[in-house]
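S.K.: Sharing run.csv, CSV, C-alpha atoms:
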```csv
chain,number,residue,atom,x,y,z
S,1,MET,CA,0.4,62.1,-6.9
S,2,ARG,CA,-1.8,62.8,-9.9
S,3,GLN,CA,0.8,65.2,-11.2
S,4,LEU,CA,3.3,62.4,-11.3
S,5,ALA,CA,1.3,59.3,-12.3
S,6,THR,CA,-2.0,58.3,-14.0
S,7,PHE,CA,-4.3,56.1,-12.0
S,8,THR,CA,-6.7,53.6,-13.5
S,9,PHE,CA,-8.9,51.0,-11.8
S,10,SER,CA,-8.9,47.4,-13.1
S,11,GLU,CA,-9.7,43.9,-11.8
S,12,GLY,CA,-6.8,41.8,-10.5
S,13,PRO,CA,-6.0,39.1,-8.0
S,14,ASN,CA,-7.0,39.8,-4.5
S,15,GLN,CA,-3.8,38.2,-3.2
S,16,VAL,CA,-0.5,37.5,-4.9
S,17,ARG,CA,1.2,34.4,-3.5
S,18,ARG,CA,4.9,33.8,-4.0
S,19,GLU,CA,7.1,30.8,-3.6
S,20,ASP,CA,10.9,30.9,-4.2
S,21,SER,CA,10.4,34.5,-5.3
S,22,ARG,CA,8.1,33.4,-8.1
S,23,ARG,CA,4.3,34.0,-8.4
S,24,ARG,CA,2.2,31.0,-7.6
S,25,VAL,CA,-1.4,30.1,-8.3
S,26,VAL,CA,-3.0,27.2,-6.5
S,27,VAL,CA,-5.7,25.2,-8.3
S,28,THR,CA,-7.5,22.6,-6.1
S,29,ALA,CA,-10.0,19.8,-6.9
S,30,ASN,CA,-11.7,17.0,-5.1
S,31,VAL,CA,-11.6,13.6,-6.7
S,32,ARG,CA,-14.6,11.3,-6.3
S,33,GLY,CA,-15.1,7.8,-7.5
S,34,ARG,CA,-11.4,7.5,-8.7
S,35,ASP,CA,-8.0,7.3,-7.2
S,36,ILE,CA,-5.8,10.3,-7.2
S,37,GLY,CA,-2.9,8.6,-9.0
S,38,SER,CA,-4.9,7.8,-12.1
S,39,VAL,CA,-6.6,11.2,-12.2
S,40,VAL,CA,-3.2,13.0,-12.0
S,41,ALA,CA,-1.7,10.7,-14.6
S,42,GLU,CA,-4.5,11.4,-17.0
S,43,THR,CA,-4.4,15.2,-16.3
S,44,GLN,CA,-0.7,15.3,-16.9
S,45,THR,CA,-1.1,13.5,-20.2
S,46,ARG,CA,-3.8,15.9,-21.4
S,47,ILE,CA,-1.9,19.0,-20.2
S,48,ALA,CA,1.3,17.8,-22.1
S,49,ALA,CA,-0.8,17.2,-25.2
S,50,GLU,CA,-3.1,20.2,-25.2
S,51,VAL,CA,-1.6,23.0,-23.2
S,52,LYS,CA,1.5,24.9,-24.2
S,53,LEU,CA,2.9,26.7,-21.2
S,54,PRO,CA,4.5,30.1,-21.7
S,55,ALA,CA,8.1,30.6,-20.9
S,56,GLY,CA,8.7,30.8,-17.1
S,57,TYR,CA,5.6,28.8,-16.3
S,58,GLU,CA,5.5,25.3,-14.7
S,59,VAL,CA,3.0,22.9,-13.2
S,60,ARG,CA,3.6,21.2,-9.9
S,61,TRP,CA,1.4,18.6,-8.3
S,62,GLY,CA,1.2,18.8,-4.6
S,63,ARG,CA,-0.9,18.1,-1.5
S,64,GLN,CA,-2.3,14.6,-1.4
S,65,PHE,CA,-0.6,13.5,-4.6
S,66,GLU,CA,2.7,14.7,-3.4
S,67,ASN,CA,2.2,12.8,-0.1
S,68,LEU,CA,1.1,9.7,-2.0
S,69,THR,CA,4.2,9.8,-4.2
S,70,ALA,CA,6.5,10.2,-1.1
S,71,ALA,CA,4.6,7.3,0.6
S,72,ARG,CA,5.0,5.0,-2.4
S,73,GLN,CA,8.7,5.7,-2.6
S,74,ARG,CA,9.1,4.8,1.1
S,75,LEU,CA,7.0,1.7,0.6
S,76,MET,CA,9.3,0.5,-2.3
S,77,VAL,CA,11.9,0.2,0.4
S,78,VAL,CA,9.8,-0.8,3.5
S,79,VAL,CA,7.8,-3.7,1.9
S,80,PRO,CA,10.9,-5.7,0.6
S,81,THR,CA,12.7,-4.9,3.8
S,82,CYS,CA,9.8,-6.4,5.8
S,83,PHE,CA,9.8,-9.6,3.7
S,84,VAL,CA,13.6,-10.0,4.2
S,85,LEU,CA,13.2,-9.4,7.9
S,86,ILE,CA,10.4,-12.0,8.1
S,87,PHE,CA,12.6,-14.6,6.4
S,88,VAL,CA,15.6,-13.8,8.6
S,89,LEU,CA,13.4,-14.1,11.7
S,90,LEU,CA,12.1,-17.5,10.4
S,91,LEU,CA,15.6,-18.6,9.8
S,92,ARG,CA,16.7,-17.7,13.3
S,93,ALA,CA,13.6,-19.2,14.9
S,94,LEU,CA,13.6,-22.5,13.0
S,95,GLY,CA,17.4,-22.9,12.5
S,96,SER,CA,16.9,-24.4,9.0
S,97,ALA,CA,16.8,-22.6,5.7
S,98,ARG,CA,14.6,-25.4,4.3
S,99,ASP,CA,12.0,-25.0,7.0
S,100,ALA,CA,12.1,-21.2,6.7
S,101,ALA,CA,11.6,-21.5,3.0
S,102,ILE,CA,8.6,-23.9,3.5
S,103,VAL,CA,6.9,-21.5,5.9
S,104,PHE,CA,7.8,-18.4,3.7
S,105,SER,CA,6.3,-20.1,0.6
S,106,ALA,CA,2.9,-19.2,2.0
S,107,VAL,CA,3.6,-15.5,1.5
S,108,PRO,CA,3.6,-15.4,-2.4
S,109,LEU,CA,0.3,-17.4,-2.4
S,110,ALA,CA,-1.2,-15.0,0.1
S,111,LEU,CA,-0.1,-12.0,-1.9
S,112,LYS,CA,-1.7,-13.4,-5.0
S,113,GLY,CA,-5.0,-13.5,-3.2
S,114,GLY,CA,-4.5,-9.9,-2.1
S,115,VAL,CA,-3.7,-8.7,-5.6
S,116,ALA,CA,-6.8,-10.6,-6.9
S,117,ALA,CA,-8.9,-8.9,-4.3
S,118,LEU,CA,-7.7,-5.5,-5.3
S,119,TRP,CA,-8.3,-6.3,-9.0
S,120,TRP,CA,-11.8,-7.7,-8.2
S,121,ARG,CA,-12.8,-4.5,-6.3
S,122,ASP,CA,-11.1,-2.3,-8.9
S,123,MET,CA,-9.0,-0.6,-6.2
S,124,PRO,CA,-5.5,0.9,-6.8
S,125,PHE,CA,-2.4,-0.1,-4.8
S,126,SER,CA,-2.3,2.4,-2.0
S,127,VAL,CA,-0.6,2.9,1.4
S,128,SER,CA,-3.5,1.1,3.1
S,129,ALA,CA,-3.1,-1.8,0.7
S,130,ALA,CA,0.6,-2.0,1.3
S,131,VAL,CA,0.0,-2.1,5.1
S,132,GLY,CA,-2.6,-4.8,4.5
S,133,PHE,CA,-0.1,-6.8,2.4
S,134,ILE,CA,2.5,-6.6,5.2
S,135,ASP,CA,-0.1,-7.8,7.7
S,136,LEU,CA,-1.3,-10.5,5.3
S,137,SER,CA,2.3,-11.8,5.0
S,138,GLY,CA,2.6,-11.9,8.8
S,139,VAL,CA,-0.6,-13.9,9.1
S,140,ALA,CA,0.5,-16.3,6.4
S,141,VAL,CA,3.8,-16.9,8.0
S,142,LEU,CA,2.3,-17.4,11.5
S,143,ASN,CA,-0.2,-19.9,10.1
S,144,GLY,CA,2.5,-21.7,8.3
S,145,LEU,CA,4.7,-21.8,11.4
S,146,VAL,CA,1.9,-23.2,13.5
S,147,LEU,CA,1.2,-25.9,11.0
S,148,LEU,CA,4.8,-26.8,10.5
S,149,ASN,CA,5.5,-27.1,14.2
S,150,HIS,CA,2.4,-29.3,14.6
S,151,ILE,CA,3.4,-31.6,11.8
S,152,LYS,CA,7.0,-31.8,13.2
S,153,GLN,CA,5.5,-32.8,16.6
S,154,ARG,CA,3.5,-35.6,15.0
S,155,VAL,CA,6.5,-36.9,13.1
S,156,ALA,CA,8.6,-36.8,16.3
S,157,ASN,CA,5.9,-38.9,18.0
S,158,GLY,CA,6.3,-41.6,15.3
S,159,ASN,CA,3.7,-40.8,12.7
S,160,ALA,CA,4.7,-41.2,9.1
S,161,VAL,CA,5.3,-38.0,7.2
S,162,PRO,CA,2.2,-38.2,4.8
S,163,ASN,CA,-0.1,-39.1,7.7
S,164,ALA,CA,1.4,-36.3,9.9
S,165,ILE,CA,0.9,-33.7,7.1
S,166,ARG,CA,-2.7,-34.8,6.5
S,167,GLU,CA,-3.7,-35.1,10.2
S,168,GLY,CA,-1.8,-31.9,11.1
S,169,ALA,CA,-3.6,-29.9,8.4
S,170,LEU,CA,-7.0,-31.2,9.5
S,171,THR,CA,-6.3,-30.6,13.2
S,172,ARG,CA,-4.9,-27.1,12.8
S,173,LEU,CA,-7.4,-26.0,10.1
S,174,ARG,CA,-9.8,-24.3,12.5
S,175,PRO,CA,-7.2,-22.3,14.5
S,176,VAL,CA,-5.5,-21.2,11.3
S,177,VAL,CA,-8.8,-20.0,9.7
S,178,ILE,CA,-9.9,-18.3,12.9
S,179,ARG,CA,-6.6,-16.4,13.2
S,180,ALA,CA,-6.8,-15.4,9.5
S,181,LEU,CA,-10.4,-14.2,10.0
S,182,VAL,CA,-9.5,-12.1,13.0
S,183,ALA,CA,-6.8,-10.3,11.1
S,184,ALA,CA,-9.0,-9.9,8.0
S,185,LEU,CA,-12.0,-8.5,10.0
S,186,GLY,CA,-9.7,-6.1,11.8
S,187,PHE,CA,-8.8,-4.6,8.4
S,188,VAL,CA,-12.4,-4.3,7.1
S,189,PRO,CA,-12.9,-0.7,8.2
S,190,MET,CA,-9.7,0.4,6.4
S,191,ALA,CA,-10.7,-1.6,3.3
S,192,VAL,CA,-14.2,-0.1,3.2
S,193,ALA,CA,-13.1,3.5,3.8
S,194,THR,CA,-12.5,5.3,0.5
S,195,GLY,CA,-11.9,8.8,1.7
S,196,ALA,CA,-11.5,11.2,4.6
S,197,GLU,CA,-14.6,11.5,6.8
S,198,VAL,CA,-15.4,14.6,8.8
```
Show the structure stored in the file as C-alpha cells.

M.R.:
Amino acid sequence: MRQLATFTFSEGPNQVRREDSRRRVVVTANVRGRDIGSVVAETQTRIAAEVKLPAGYEVRWGRQFENLTAARQRLMVVVPTCFVLIFVLLLRALGSARDAAIVFSAVPLALKGGVAALWWRDMPFSVSAAVGFIDLSGVAVLNGLVLLNHIKQRVANGNAVPNAIREGALTRLRPVVIRALVAALGFVPMAVATGAEV
C-alpha cells in the first residue's frame, strides 16, 4: 500500500453522520430558566446577524423545539375547534342562541384571567397552557350553565328576573367556586412543573 499511497495521521471526527446523503453535525444544549421558544428565536436572530454560513451549509432546529412547533400548529386548529364545539353543544342543550351566548360569554372573561396569570408568572404560552385554557373554558361554561338553569327555575317559580338573578347568584356561589377550585387544584402540578423530571 505504501508504494501506491502516502499515509498521514491527523485528528478527525470519530463518527460521520449523514442525513439525506449529506453530512450532519448535532449540537445540543439544555435550557434552564427560560422557555425554548424565546431561546431559539434569540439564537436564530444572532446567527443570522453574526454567522455567515458557507455554501452547502444550513441550520435546522430539531428535538424539543421541533415538537413544540408541531404542537403549536396543531393547537392553532384544536383550540378554536374546541370553542366552536362548546358553543354548538350549548346551542343544542339549551335550544336558544341567546342562552348559549349568555353562558358562552363567561369564556372570554375566564381566558382573560388565564392570560393575566401567565403574564404575572412570566410564563410562555405552551402546550400545557393551551390544555389549561381548554379546561378553563369548560369550567366557565359549566358554571354558567348551572347558574343559568338555577335562575330560569326561579323565574319559572314566579320570581322577578332581577330577584331571581341576585338570589340565584348568591345561592349557587359556593357550588360554582368549589367546582372551579377542584379544576384549578387538579392543574397545579402541571402549572408548577417547569421541566422533565427523572

S.K.: Could you tell me how far CA of Val16 (chain S) lies from CA of Val31 (chain S), in Å and to one decimal?

M.R.: 26.4 Å

S.K.: What is the CA of Ala169 (chain S)-CA of Asn143 (chain S) distance in Å, reported with one decimal?

M.R.: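 Here the two named atoms are 10.7 Å from each other.
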
S.K.: Quick one: everything within 12 Å of Gln64 (chain S), counting only C-alpha atoms, minus sequence neighbours fewer than 5 positions away in the same chain. Send it as a list of chain:residue names.

M.R.: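 Final neighbour list, sorted by chain and number: S:Thr28, S:Ala29, S:Asn30, S:Val31, S:Asp35, S:Ile36, S:Gly37, S:Val40, S:Thr69, S:Ala70, S:Ala71, S:Gly195, S:Ala196.
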
S.K.: So which one's closest to Thr171 (chain S), S:Ala117, S:Ala55, S:Ala110, S:Leu147? Using only C-alpha atoms, please.

M.R.: S:Leu147

S.K.: Need to verify the contact set: region 151-160 of chain S, 12 Å, all atoms listed in the file, exclusion of same-chain residues closer than 5 positions in sequence. Can you return it as a list in words?

M.R.: Leu94, Asp99, Gly144, Leu145, Val146, Ile165, Arg166, Glu167, Gly168, Ala169, Leu170, Thr171 and Arg172 of chain S

S.K.: Quick one, how far is CA of Ala93 (chain S) from CA of Leu185 (chain S)?

M.R.: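 Result for CA of Ala93 (chain S) versus CA of Leu185 (chain S): 28.2 Å, one decimal.
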
S.K.: Rank S:Val176, S:Val103, S:Ala140, S:Ile134 by their smallest atom-to-atom distance to Val78 (chain S), using all atoms listed in the file, and report the top residue only.

M.R.: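 For Val78 (chain S), the nearest of the given residues is S:Ile134.
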
S.K.: Go through S:Leu136, S:Ala5, S:Val84, S:Val51 one by one, measure the shortest atom-to-atom distance of each to Val107 (chain S) using all atoms listed in the file, and give the residue with the smallest value.

M.R.: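 Using all atoms listed in the file, the shortest distance to Val107 (chain S) belongs to S:Leu136.
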
S.K.: Pick the closest to Leu142 (chain S) from S:Val188, S:Ala164, S:Val115, S:Val177: which is it, counting only C-alpha atoms?

M.R.: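 When distances to Leu142 (chain S) are compared using only C-alpha atoms, the smallest one comes from S:Val177.
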